[in-house]
$ cat run_7.json   # JSON, C-alpha atoms
[["chain", "number", "residue", "atom", "x", "y", "z"],
["A", 1, "MET", "CA", 30.06, 111.98, -20.05],
["A", 2, "GLY", "CA", 31.28, 109.84, -22.93],
["A", 3, "GLU", "CA", 29.43, 106.85, -24.29],
["A", 4, "THR", "CA", 29.67, 103.55, -22.43],
["A", 5, "PRO", "CA", 32.27, 101.38, -24.18],
["A", 6, "ASP", "CA", 30.92, 98.39, -26.06],
["A", 7, "LYS", "CA", 31.49, 95.12, -24.18],
["A", 8, "HIS", "CA", 33.62, 93.82, -27.07],
["A", 9, "ASP", "CA", 36.25, 96.44, -26.23],
["A", 10, "PHE", "CA", 37.11, 94.36, -23.19],
["A", 11, "VAL", "CA", 37.71, 91.08, -25.00],
["A", 12, "PRO", "CA", 40.28, 89.90, -27.57],
["A", 13, "GLU", "CA", 40.00, 90.91, -31.20],
["A", 14, "VAL", "CA", 38.80, 87.41, -32.04],
["A", 15, "LEU", "CA", 35.39, 88.30, -30.60],
["A", 16, "LYS", "CA", 34.99, 91.73, -32.13],
["A", 17, "GLN", "CA", 34.21, 90.49, -35.61],
["A", 18, "ALA", "CA", 31.93, 87.62, -34.61],
["A", 19, "PRO", "CA", 28.96, 87.61, -37.03],
["A", 20, "GLU", "CA", 25.63, 88.74, -35.63],
["A", 21, "LYS", "CA", 23.59, 86.00, -37.21],
["A", 22, "SER", "CA", 26.01, 83.08, -37.12],
["A", 23, "SER", "CA", 26.90, 80.76, -34.29],
["A", 24, "SER", "CA", 30.41, 79.73, -33.40],
["A", 25, "ALA", "CA", 29.72, 76.35, -34.96],
["A", 26, "GLN", "CA", 28.84, 77.97, -38.28],
["A", 27, "LEU", "CA", 32.05, 79.96, -38.16],
["A", 28, "PHE", "CA", 34.09, 76.79, -37.92],
["A", 29, "LEU", "CA", 32.35, 74.51, -40.38],
["A", 30, "ARG", "CA", 34.43, 75.74, -43.28],
["A", 31, "SER", "CA", 37.64, 75.73, -41.27],
["A", 32, "LEU", "CA", 37.47, 71.95, -40.99],
["A", 33, "SER", "CA", 37.73, 71.72, -44.79],
["A", 34, "VAL", "CA", 41.54, 71.82, -44.91],
["A", 35, "VAL", "CA", 41.95, 68.87, -42.57],
["A", 36, "LEU", "CA", 38.95, 66.91, -43.88],
["A", 37, "LEU", "CA", 40.14, 67.38, -47.47],
["A", 38, "VAL", "CA", 43.05, 65.07, -46.70],
["A", 39, "ILE", "CA", 40.57, 62.25, -46.05],
["A", 40, "ALA", "CA", 37.48, 63.22, -48.04],
["A", 41, "VAL", "CA", 39.06, 63.82, -51.45],
["A", 42, "PRO", "CA", 40.89, 60.49, -51.57],
["A", 43, "LEU", "CA", 37.68, 58.73, -50.60],
["A", 44, "LEU", "CA", 35.71, 60.47, -53.35],
["A", 45, "PHE", "CA", 38.33, 59.55, -55.92],
["A", 46, "PHE", "CA", 38.28, 55.96, -54.71],
["A", 47, "LEU", "CA", 34.49, 55.69, -55.00],
["A", 48, "PHE", "CA", 34.49, 57.27, -58.46],
["A", 49, "PHE", "CA", 37.36, 55.26, -59.91],
["A", 50, "LYS", "CA", 37.12, 52.10, -57.83],
["A", 51, "GLY", "CA", 36.78, 49.94, -60.91],
["A", 52, "LEU", "CA", 40.25, 50.99, -62.06],
["A", 53, "MET", "CA", 42.17, 49.39, -59.18],
["A", 54, "PHE", "CA", 42.23, 46.28, -57.07],
["A", 55, "GLU", "CA", 40.50, 46.19, -53.72],
["A", 56, "ASP", "CA", 43.76, 45.51, -51.86],
["A", 57, "HIS", "CA", 46.71, 47.81, -52.35],
["A", 58, "SER", "CA", 50.31, 47.39, -51.34],
["A", 59, "ARG", "CA", 52.68, 50.33, -51.08],
["A", 60, "ASP", "CA", 54.68, 49.18, -54.10],
["A", 61, "GLU", "CA", 51.56, 48.65, -56.23],
["A", 62, "LEU", "CA", 50.32, 52.14, -55.45],
["A", 63, "PHE", "CA", 53.75, 53.64, -56.07],
["A", 64, "SER", "CA", 54.04, 51.91, -59.46],
["A", 65, "LYS", "CA", 50.73, 53.43, -60.55],
["A", 66, "LEU", "CA", 52.10, 56.92, -59.97],
["A", 67, "ASN", "CA", 53.95, 56.42, -63.29],
["A", 68, "ASP", "CA", 50.82, 55.43, -65.21],
["A", 69, "SER", "CA", 50.27, 57.35, -68.44],
["A", 70, "ARG", "CA", 46.68, 58.11, -67.42],
["A", 71, "SER", "CA", 46.34, 61.14, -65.14],
["A", 72, "GLU", "CA", 43.21, 59.79, -63.45],
["A", 73, "ILE", "CA", 45.07, 56.62, -62.44],
["A", 74, "ARG", "CA", 47.95, 58.66, -61.01],
["A", 75, "ARG", "CA", 45.52, 60.81, -59.02],
["A", 76, "LEU", "CA", 43.65, 57.78, -57.76],
["A", 77, "ALA", "CA", 46.80, 55.92, -56.73],
["A", 78, "ALA", "CA", 48.19, 58.92, -54.82],
["A", 79, "SER", "CA", 44.84, 59.58, -53.19],
["A", 80, "GLN", "CA", 44.36, 55.92, -52.24],
["A", 81, "TRP", "CA", 47.87, 55.73, -50.77],
["A", 82, "LEU", "CA", 47.18, 58.82, -48.68],
["A", 83, "GLN", "CA", 43.79, 57.50, -47.58],
["A", 84, "ASP", "CA", 45.37, 54.21, -46.47],
["A", 85, "LEU", "CA", 48.12, 56.01, -44.55],
["A", 86, "ASN", "CA", 45.55, 58.13, -42.74],
["A", 87, "ARG", "CA", 43.39, 55.13, -41.95],
["A", 88, "TYR", "CA", 46.05, 52.67, -40.76],
["A", 89, "SER", "CA", 47.99, 55.26, -38.79],
["A", 90, "LYS", "CA", 45.01, 55.16, -36.42],
["A", 91, "GLU", "CA", 43.89, 51.54, -36.76],
["A", 92, "ASP", "CA", 46.77, 49.16, -37.47],
["A", 93, "ALA", "CA", 50.40, 50.02, -36.68],
["A", 94, "LYS", "CA", 51.81, 47.01, -38.55],
["A", 95, "ALA", "CA", 49.86, 47.73, -41.73],
["A", 96, "TYR", "CA", 50.76, 51.41, -41.43],
["A", 97, "GLN", "CA", 54.50, 50.67, -41.31],
["A", 98, "LYS", "CA", 54.20, 48.60, -44.50],
["A", 99, "LEU", "CA", 52.61, 51.58, -46.27],
["A", 100, "LEU", "CA", 55.29, 54.14, -45.42],
["A", 101, "PRO", "CA", 57.33, 55.15, -48.50],
["A", 102, "THR", "CA", 60.87, 53.80, -48.76],
["A", 103, "ASP", "CA", 63.83, 56.16, -49.03],
["A", 104, "VAL", "CA", 64.09, 55.40, -52.76],
["A", 105, "GLN", "CA", 60.40, 56.15, -53.23],
["A", 106, "VAL", "CA", 60.79, 59.38, -51.25],
["A", 107, "GLU", "CA", 63.49, 60.59, -53.65],
["A", 108, "THR", "CA", 61.21, 59.84, -56.61],
["A", 109, "LEU", "CA", 58.29, 61.68, -55.01],
["A", 110, "LEU", "CA", 60.45, 64.70, -54.25],
["A", 111, "LYS", "CA", 61.20, 65.05, -57.95],
["A", 112, "GLN", "CA", 57.53, 65.94, -58.42],
["A", 113, "PHE", "CA", 58.42, 69.33, -56.98],
["A", 114, "ASP", "CA", 60.05, 70.21, -60.30],
["A", 115, "TYR", "CA", 56.68, 70.59, -61.95],
["A", 116, "GLU", "CA", 55.06, 73.93, -61.14],
["A", 117, "GLN", "CA", 52.08, 73.12, -63.33],
["A", 118, "ALA", "CA", 51.50, 69.68, -61.84],
["A", 119, "ASP", "CA", 47.94, 68.50, -61.31],
["A", 120, "ALA", "CA", 46.82, 70.16, -58.06],
["A", 121, "GLN", "CA", 45.06, 67.11, -56.60],
["A", 122, "TYR", "CA", 47.87, 64.71, -57.44],
["A", 123, "PHE", "CA", 50.58, 67.10, -56.26],
["A", 124, "SER", "CA", 48.76, 67.77, -52.96],
["A", 125, "SER", "CA", 48.40, 64.03, -52.31],
["A", 126, "VAL", "CA", 52.10, 63.44, -52.97],
["A", 127, "ILE", "CA", 53.03, 66.24, -50.56],
["A", 128, "SER", "CA", 50.71, 64.80, -47.92],
["A", 129, "ILE", "CA", 52.18, 61.30, -48.35],
["A", 130, "LEU", "CA", 55.65, 62.76, -47.75],
["A", 131, "GLY", "CA", 54.36, 64.17, -44.48],
["A", 132, "PHE", "CA", 54.22, 60.61, -43.11],
["A", 133, "VAL", "CA", 57.91, 59.81, -43.69],
["A", 134, "GLU", "CA", 59.60, 58.48, -40.54],
["A", 135, "SER", "CA", 62.87, 57.17, -41.97],
["A", 136, "SER", "CA", 66.28, 58.80, -42.36],
["A", 137, "ALA", "CA", 64.79, 60.61, -45.37],
["A", 138, "ARG", "CA", 62.71, 62.80, -43.03],
["A", 139, "GLN", "CA", 65.15, 65.73, -43.15],
["A", 140, "ARG", "CA", 65.37, 65.42, -46.92],
["A", 141, "VAL", "CA", 61.59, 65.78, -47.09],
["A", 142, "ILE", "CA", 61.61, 68.80, -44.77],
["A", 143, "ASP", "CA", 64.25, 70.44, -46.98],
["A", 144, "GLY", "CA", 62.22, 69.67, -50.10],
["A", 145, "LEU", "CA", 59.00, 71.08, -48.66],
["A", 146, "THR", "CA", 60.83, 74.15, -47.40],
["A", 147, "GLN", "CA", 62.42, 74.81, -50.79],
["A", 148, "PHE", "CA", 59.05, 74.41, -52.51],
["A", 149, "LEU", "CA", 57.40, 76.95, -50.20],
["A", 150, "GLU", "CA", 60.32, 79.36, -50.48],
["A", 151, "LYS", "CA", 60.21, 79.56, -54.27],
["A", 152, "THR", "CA", 56.42, 79.43, -54.72],
["A", 153, "THR", "CA", 54.32, 82.60, -54.61],
["A", 154, "ASP", "CA", 50.99, 82.54, -52.81],
["A", 155, "ASP", "CA", 48.98, 82.52, -56.03],
["A", 156, "VAL", "CA", 50.68, 79.39, -57.44],
["A", 157, "GLN", "CA", 49.77, 75.86, -56.32],
["A", 158, "THR", "CA", 47.96, 77.26, -53.28],
["A", 159, "GLN", "CA", 46.34, 73.92, -52.43],
["A", 160, "ALA", "CA", 49.71, 72.17, -52.54],
["A", 161, "GLN", "CA", 51.21, 74.88, -50.32],
["A", 162, "ILE", "CA", 48.48, 74.29, -47.73],
["A", 163, "PHE", "CA", 49.36, 70.59, -47.54],
["A", 164, "ALA", "CA", 53.08, 71.38, -47.51],
["A", 165, "LEU", "CA", 52.59, 73.51, -44.39],
["A", 166, "ILE", "CA", 50.59, 70.73, -42.72],
["A", 167, "SER", "CA", 53.20, 68.13, -43.70],
["A", 168, "LEU", "CA", 55.99, 70.27, -42.23],
["A", 169, "SER", "CA", 54.16, 70.34, -38.92],
["A", 170, "ARG", "CA", 53.47, 66.58, -39.06],
["A", 171, "LEU", "CA", 57.20, 66.02, -39.58],
["A", 172, "GLY", "CA", 57.98, 68.29, -36.63],
["A", 173, "ALA", "CA", 60.16, 70.71, -38.59],
["A", 174, "GLU", "CA", 62.19, 72.80, -36.16],
["A", 175, "ALA", "CA", 64.70, 74.61, -38.37],
["A", 176, "ASP", "CA", 64.70, 78.40, -38.56],
["A", 177, "LYS", "CA", 64.01, 78.22, -42.30],
["A", 178, "ALA", "CA", 60.78, 76.32, -41.75],
["A", 179, "TRP", "CA", 59.60, 78.71, -39.05],
["A", 180, "ALA", "CA", 60.45, 81.71, -41.19],
["A", 181, "LEU", "CA", 58.06, 80.21, -43.75],
["A", 182, "PHE", "CA", 55.30, 79.67, -41.19],
["A", 183, "GLU", "CA", 55.65, 83.31, -40.19],
["A", 184, "LYS", "CA", 55.71, 84.51, -43.80],
["A", 185, "LYS", "CA", 52.66, 82.49, -44.82],
["A", 186, "SER", "CA", 50.80, 83.64, -41.68],
["A", 187, "GLN", "CA", 50.91, 87.12, -43.20],
["A", 188, "SER", "CA", 49.77, 86.00, -46.66],
["A", 189, "ALA", "CA", 46.96, 87.86, -48.39],
["A", 190, "ASP", "CA", 45.37, 84.46, -49.01],
["A", 191, "ALA", "CA", 43.21, 83.51, -46.02],
["A", 192, "SER", "CA", 43.45, 79.80, -46.87],
["A", 193, "LEU", "CA", 47.22, 79.91, -46.35],
["A", 194, "ARG", "CA", 46.87, 81.81, -43.07],
["A", 195, "ASN", "CA", 44.32, 79.23, -41.97],
["A", 196, "ALA", "CA", 46.73, 76.42, -42.91],
["A", 197, "VAL", "CA", 49.39, 78.04, -40.72],
["A", 198, "ALA", "CA", 46.97, 78.17, -37.76],
["A", 199, "LEU", "CA", 46.13, 74.49, -38.25],
["A", 200, "SER", "CA", 49.78, 73.50, -38.77],
["A", 201, "VAL", "CA", 51.37, 75.44, -35.94],
["A", 202, "GLY", "CA", 48.55, 74.32, -33.66],
["A", 203, "GLN", "CA", 49.57, 70.68, -34.20],
["A", 204, "TYR", "CA", 52.91, 71.12, -32.46],
["A", 205, "SER", "CA", 52.78, 69.50, -29.04],
["A", 206, "LEU", "CA", 53.94, 71.06, -25.81],
["A", 207, "ASN", "CA", 57.05, 68.88, -26.10],
["A", 208, "TYR", "CA", 58.46, 71.45, -28.51],
["A", 209, "SER", "CA", 59.32, 73.82, -25.67],
["A", 210, "LEU", "CA", 62.09, 75.53, -27.63],
["A", 211, "LEU", "CA", 59.50, 76.58, -30.22],
["A", 212, "ALA", "CA", 56.94, 77.80, -27.69],
["A", 213, "GLU", "CA", 57.74, 81.47, -28.15],
["A", 214, "LYS", "CA", 57.53, 81.25, -31.95],
["A", 215, "ILE", "CA", 54.31, 79.23, -31.80],
["A", 216, "ASN", "CA", 52.62, 81.65, -29.40],
["A", 217, "GLN", "CA", 53.75, 84.64, -31.44],
["A", 218, "ILE", "CA", 52.28, 83.30, -34.68],
["A", 219, "LEU", "CA", 49.03, 82.02, -33.13],
["A", 220, "GLY", "CA", 48.64, 85.19, -31.08],
["A", 221, "ALA", "CA", 48.74, 87.30, -34.24],
["A", 222, "LEU", "CA", 46.30, 84.98, -36.02],
["A", 223, "MET", "CA", 43.81, 85.26, -33.13],
["A", 224, "ALA", "CA", 43.26, 88.83, -34.36],
["A", 225, "ASP", "CA", 42.98, 87.84, -38.03],
["A", 226, "GLU", "CA", 40.22, 89.41, -40.11],
["A", 227, "ASN", "CA", 39.06, 85.94, -41.20],
["A", 228, "GLN", "CA", 36.73, 84.10, -38.81],
["A", 229, "GLU", "CA", 38.01, 80.63, -39.68],
["A", 230, "VAL", "CA", 41.60, 81.65, -39.05],
["A", 231, "ARG", "CA", 40.65, 83.19, -35.69],
["A", 232, "TRP", "CA", 38.80, 80.04, -34.62],
["A", 233, "ASN", "CA", 41.71, 77.74, -35.41],
["A", 234, "ALA", "CA", 44.18, 80.06, -33.68],
["A", 235, "VAL", "CA", 42.01, 80.30, -30.56],
["A", 236, "THR", "CA", 41.44, 76.56, -30.21],
["A", 237, "ALA", "CA", 45.15, 75.91, -30.83],
["A", 238, "MET", "CA", 46.10, 78.41, -28.14],
["A", 239, "ALA", "CA", 43.54, 76.82, -25.79],
["A", 240, "ARG", "CA", 45.10, 73.39, -26.29],
["A", 241, "ARG", "CA", 48.43, 74.93, -25.33],
["A", 242, "GLY", "CA", 46.92, 76.38, -22.14],
["A", 243, "SER", "CA", 47.46, 80.01, -23.12],
["A", 244, "GLU", "CA", 45.81, 82.66, -20.94],
["A", 245, "ARG", "CA", 45.06, 84.63, -24.11],
["A", 246, "ALA", "CA", 42.55, 81.98, -25.18],
["A", 247, "VAL", "CA", 40.44, 82.05, -22.00],
["A", 248, "GLU", "CA", 38.00, 84.82, -22.94],
["A", 249, "PRO", "CA", 37.42, 83.63, -26.53],
["A", 250, "MET", "CA", 36.90, 80.07, -25.30],
["A", 251, "LEU", "CA", 34.38, 81.21, -22.71],
["A", 252, "PHE", "CA", 32.48, 83.00, -25.45],
["A", 253, "LEU", "CA", 32.44, 79.89, -27.65],
["A", 254, "LEU", "CA", 31.55, 77.49, -24.84],
["A", 255, "ARG", "CA", 28.65, 79.69, -23.74],
["A", 256, "ASP", "CA", 27.36, 79.63, -27.28],
["A", 257, "LEU", "CA", 27.37, 75.85, -27.02],
["A", 258, "GLN", "CA", 24.92, 76.19, -24.12],
["A", 259, "SER", "CA", 22.58, 78.54, -25.97],
["A", 260, "LYS", "CA", 19.00, 77.48, -26.72],
["A", 261, "GLU", "CA", 19.96, 77.02, -30.36],
["A", 262, "HIS", "CA", 22.60, 74.40, -29.54],
["A", 263, "ASN", "CA", 21.55, 72.88, -26.21],
["A", 264, "LEU", "CA", 19.64, 70.13, -27.99],
["A", 265, "GLU", "CA", 19.45, 66.37, -27.64],
["A", 266, "ALA", "CA", 20.01, 65.88, -31.36],
["A", 267, "LEU", "CA", 22.45, 68.04, -33.32],
["A", 268, "PRO", "CA", 23.42, 67.94, -37.00],
["A", 269, "VAL", "CA", 26.51, 65.78, -37.48],
["A", 270, "GLN", "CA", 28.69, 68.67, -38.68],
["A", 271, "LYS", "CA", 27.79, 70.87, -35.73],
["A", 272, "LEU", "CA", 28.32, 68.00, -33.32],
["A", 273, "ARG", "CA", 31.84, 67.49, -34.64],
["A", 274, "VAL", "CA", 32.58, 71.19, -34.27],
["A", 275, "PHE", "CA", 31.43, 71.19, -30.64],
["A", 276, "GLU", "CA", 33.41, 68.02, -29.93],
["A", 277, "GLU", "CA", 36.57, 69.77, -31.10],
["A", 278, "LEU", "CA", 35.71, 72.80, -28.98],
["A", 279, "ILE", "CA", 35.29, 70.73, -25.82],
["A", 280, "LYS", "CA", 38.52, 68.81, -26.53],
["A", 281, "ALA", "CA", 40.36, 72.13, -26.90],
["A", 282, "SER", "CA", 39.07, 73.24, -23.50],
["A", 283, "ARG", "CA", 41.21, 70.52, -21.89],
["A", 284, "GLY", "CA", 44.24, 72.79, -22.11],
["A", 285, "LEU", "CA", 42.47, 75.43, -19.99],
["A", 286, "ILE", "CA", 40.46, 73.20, -17.67],
["A", 287, "SER", "CA", 42.49, 74.33, -14.65],
["A", 288, "LYS", "CA", 41.04, 77.82, -15.12],
["A", 289, "LYS", "CA", 38.04, 78.30, -12.81],
["A", 290, "GLU", "CA", 35.74, 79.85, -15.42],
["A", 291, "ILE", "CA", 36.48, 77.17, -18.01],
["A", 292, "HIS", "CA", 36.10, 74.39, -15.44],
["A", 293, "GLU", "CA", 32.72, 75.73, -14.35],
["A", 294, "ILE", "CA", 31.26, 75.95, -17.82],
["A", 295, "VAL", "CA", 32.61, 72.53, -18.89],
["A", 296, "SER", "CA", 31.14, 71.11, -15.66],
["A", 297, "SER", "CA", 27.82, 72.67, -16.58],
["A", 298, "ILE", "CA", 27.95, 71.06, -20.03],
["A", 299, "ALA", "CA", 28.80, 67.69, -18.44],
["A", 300, "ALA", "CA", 25.82, 67.92, -16.10],
["A", 301, "GLN", "CA", 23.14, 69.69, -18.10],
["A", 302, "HIS", "CA", 23.66, 69.64, -21.84],
["A", 303, "GLN", "CA", 20.92, 67.81, -23.70],
["A", 304, "ASN", "CA", 23.31, 66.01, -26.05],
["A", 305, "LEU", "CA", 24.63, 62.76, -24.58],
["A", 306, "ARG", "CA", 27.85, 62.72, -26.62],
["A", 307, "LEU", "CA", 28.81, 66.24, -25.53],
["A", 308, "ARG", "CA", 28.01, 65.44, -21.89],
["A", 309, "GLN", "CA", 30.26, 62.38, -22.03],
["A", 310, "LEU", "CA", 33.09, 64.27, -23.72],
["A", 311, "ALA", "CA", 32.90, 67.08, -21.15],
["A", 312, "LYS", "CA", 33.09, 64.49, -18.35],
["A", 313, "GLU", "CA", 36.19, 62.96, -19.96],
["A", 314, "VAL", "CA", 37.85, 66.39, -20.09],
["A", 315, "LEU", "CA", 37.07, 66.96, -16.41],
["A", 316, "LEU", "CA", 38.51, 63.57, -15.45],
["A", 317, "LYS", "CA", 41.78, 64.34, -17.24],
["A", 318, "LYS", "CA", 42.23, 67.82, -15.81],
["A", 319, "SER", "CA", 45.70, 68.59, -14.57]]
$ encode --input "run_7.json" --output "C-alpha cells"
Amino acid sequence: MGETPDKHDFVPEVLKQAPEKSSSAQLFLRSLSVVLLVIAVPLLFFLFFKGLMFEDHSRDELFSKLNDSRSEIRRLAASQWLQDLNRYSKEDAKAYQKLLPTDVQVETLLKQFDYEQADAQYFSSVISILGFVESSARQRVIDGLTQFLEKTTDDVQTQAQIFALISLSRLGAEADKAWALFEKKSQSADASLRNAVALSVGQYSLNYSLLAEKINQILGALMADENQEVRWNAVTAMARRGSERAVEPMLFLLRDLQSKEHNLEALPVQKLRVFEELIKASRGLISKKEIHEIVSSIAAQHQNLRLRQLAKEVLLKKS
C-alpha cells in the first residue's frame, strides 16, 4: 500500500506552506504594513517636522506648500494632507469635503507623474491623495494612474506603484485597462506588488457584480501564492466576498485563534488587530455551518473580551 497522504493535500494551497513555528497572526503582521503605511508615515513626518507648519491646515495651505523649495516641507505637506484626508473621511464629513483637492489642484498633482525619479515618499503621498478624488476629475485621475502603471516597470518607483494600485481600487476603476494592470501586477516577481493587488482587489464591494469574475480569478490565483502575506490577504478578501474557496483556509486560521497560544485574556496590540480583521472577514462566510460554529465558540469562550464582542457582532449581522 502507498503512504497515507498528508492532510494538507486535502486543503487549498494557502495552507500547504504555512510555517511550522509561526502562527497565523505572525504571518499577517507584515501584510498590514501596506495599509498602515498610508497613516503611519504621514504621522511620523508630522511629529518629526511639526515645528515647520501650523497646527491647523487648510487644503489650499497644504497645496501651496507642495511647491516649496525645501524637499522636507513638500514631503511633510503631502503627508499631512493625506493624514487629514484619512482622518476626516472617518470622523467629520464636512471637514473631509473641504480637504478634497479641486479639479485645478488635481491637474497640478497629475503632472508629478512626469518625474520618474521623484522622491518616493512625496510621490506616494500625492498618488494616495489622488485616490480620494470624488469630483468630475475622477476619470482623469484613473487614466493618469493607469498610464503611470503601464509605463513603469516593477523595479521602478515600487512604493508609488503600490499606492497607485490601492488608489485605483479606492476610485472604483472598472475599465478593462485598469483590470489588465491588476492582473499583470498580480503576476509580478515583486511580492509587495502582488500583495498590493490582493489588498486592492479585495476592497471592491459586492456591488461591483460585473467585476466579480475578474476579482475572483485574481484573488483565487493569489490564494496559492508562494508568499504568506499575499495568501493571507487573498484568503480574507475572498472570505469577505463569501467565496466557498475561502472556507477551509478560514477554518484553519480561526482555529489557530482558539489555540492555547492565542486564547488569552490579554493579547499584544498588533496580534489583537490581526485577529479582529480575521473575525470581521468571517462575516462573509457566517452562513456556512462550520464557520458559524467556530465564531460562536469564540463569542462564548474566548478569553479576550474584545474578540468575544466582535464575534457576537458578526453573529448578529449574519445573513
$ atom_distance --input "run_7.json" --atom1 "CA of Glu248 in chain A" --atom2 "CA of Val269 in chain A"
26.6 Å
$ residues_around --input "run_7.json" --residues "Leu199 in chain A" --least-positions-apart "2" --cutoff "8 Å" --atoms "all atoms listed in the file" --output "short mmCIF file (atom, residue, chain, number, x, y, z; two decimals) with C-alpha atoms, in the frame of the given file"
data_model
loop_
_atom_site.label_atom_id
_atom_site.label_comp_id
_atom_site.auth_asym_id
_atom_site.auth_seq_id
_atom_site.Cartn_x
_atom_site.Cartn_y
_atom_site.Cartn_z
CA ILE A 166 50.59 70.73 -42.72
CA ASN A 195 44.32 79.23 -41.97
CA ALA A 196 46.73 76.42 -42.91
CA VAL A 197 49.39 78.04 -40.72
CA VAL A 201 51.37 75.44 -35.94
CA GLY A 202 48.55 74.32 -33.66
CA GLN A 203 49.57 70.68 -34.20
CA ASN A 233 41.71 77.74 -35.41
CA ALA A 234 44.18 80.06 -33.68
CA ALA A 237 45.15 75.91 -30.83
#
$ closest_atom_pairs --input "run_7.json" --of "range 125-200 of chain A" --to "range 67-81 of chain A" --cutoff "9 Å" --atoms "all atoms listed in the file" --output "Markdown table"
| residue | atom | partner | partner_atom | distance |
| --- | --- | --- | --- | --- |
| A:Ser125 | CA | A:Ala78 | CA | 5.7 |
| A:Val126 | CA | A:Ala78 | CA | 6.3 |
| A:Ile129 | CA | A:Trp81 | CA | 7.4 |
$ atom_distance --input "run_7.json" --atom1 "CA of Lys280 in chain A" --atom2 "CA of Glu134 in chain A"
27.3 Å
$ atom_distance --input "run_7.json" --atom1 "CA of Ala224 in chain A" --atom2 "CA of Gly242 in chain A"
17.8 Å
$ residues_around --input "run_7.json" --residues "Thr146 in chain A" --least-positions-apart "4" --cutoff "9 Å" --atoms "all atoms listed in the file" --output "PyMOL selection string"
chain A and resi 141-142+150-151+164-165+168+177-178+181
$ residues_around --input "run_7.json" --residues "Gln217 in chain A" --least-positions-apart "6" --cutoff "12 Å" --atoms "all atoms listed in the file" --output "VMD selection string"
chain A and resid 179 182 to 183 186 198 201 to 202 211 223 to 224 234 238 243 245
$ residues_around --input "run_7.json" --residues "Leu278 in chain A" --least-positions-apart "4" --cutoff "7 Å" --atoms "all atoms listed in the file" --output "list of chain:residue names"
A:Thr236, A:Val274, A:Ser282
$ residues_around --input "run_7.json" --residues "Gln187 in chain A" --least-positions-apart "2" --cutoff "10 Å" --atoms "all atoms listed in the file" --output "PyMOL selection string"
chain A and resi 181-185+189-191+193-194+197+218+221-222+225
$ closest_residue --input "run_7.json" --among "A:Thr152, A:Gln159, A:Ser167, A:Gln258" --to "Asp119 in chain A" --atoms "only C-alpha atoms"
A:Gln159
$ closest_residue --input "run_7.json" --among "A:Ser287, A:Leu62, A:Leu253, A:Ala266" --to "Trp232 in chain A" --atoms "all atoms listed in the file"
A:Leu253
$ closest_residue --input "run_7.json" --among "A:Leu254, A:Ser58, A:Tyr96, A:Gln105" --to "Glu293 in chain A" --atoms "all atoms listed in the file"
A:Leu254
$ axis_aligned_box --input "run_7.json" --around "range 177-191 of chain A" --padding-each-side "5 Å" --output "AutoDock Vina command-line options"
--center_x 53.6 --center_y 82.1 --center_z -44.0 --size_x 30.8 --size_y 21.5 --size_z 20.0
$ residues_near_point --input "run_7.json" --point "(64.1, 57.1, -49.2)" --cutoff "10 Å" --atoms "only C-alpha atoms" --output "JSON, numbers by chain"
{"A": [101, 102, 103, 104, 105, 106, 107, 108, 109, 110, 133, 134, 135, 136, 137, 138, 140, 141]}
$ closest_residue --input "run_7.json" --among "A:Ala160, A:Leu305, A:Val314, A:Ala299" --to "Leu285 in chain A" --atoms "only C-alpha atoms"
A:Val314
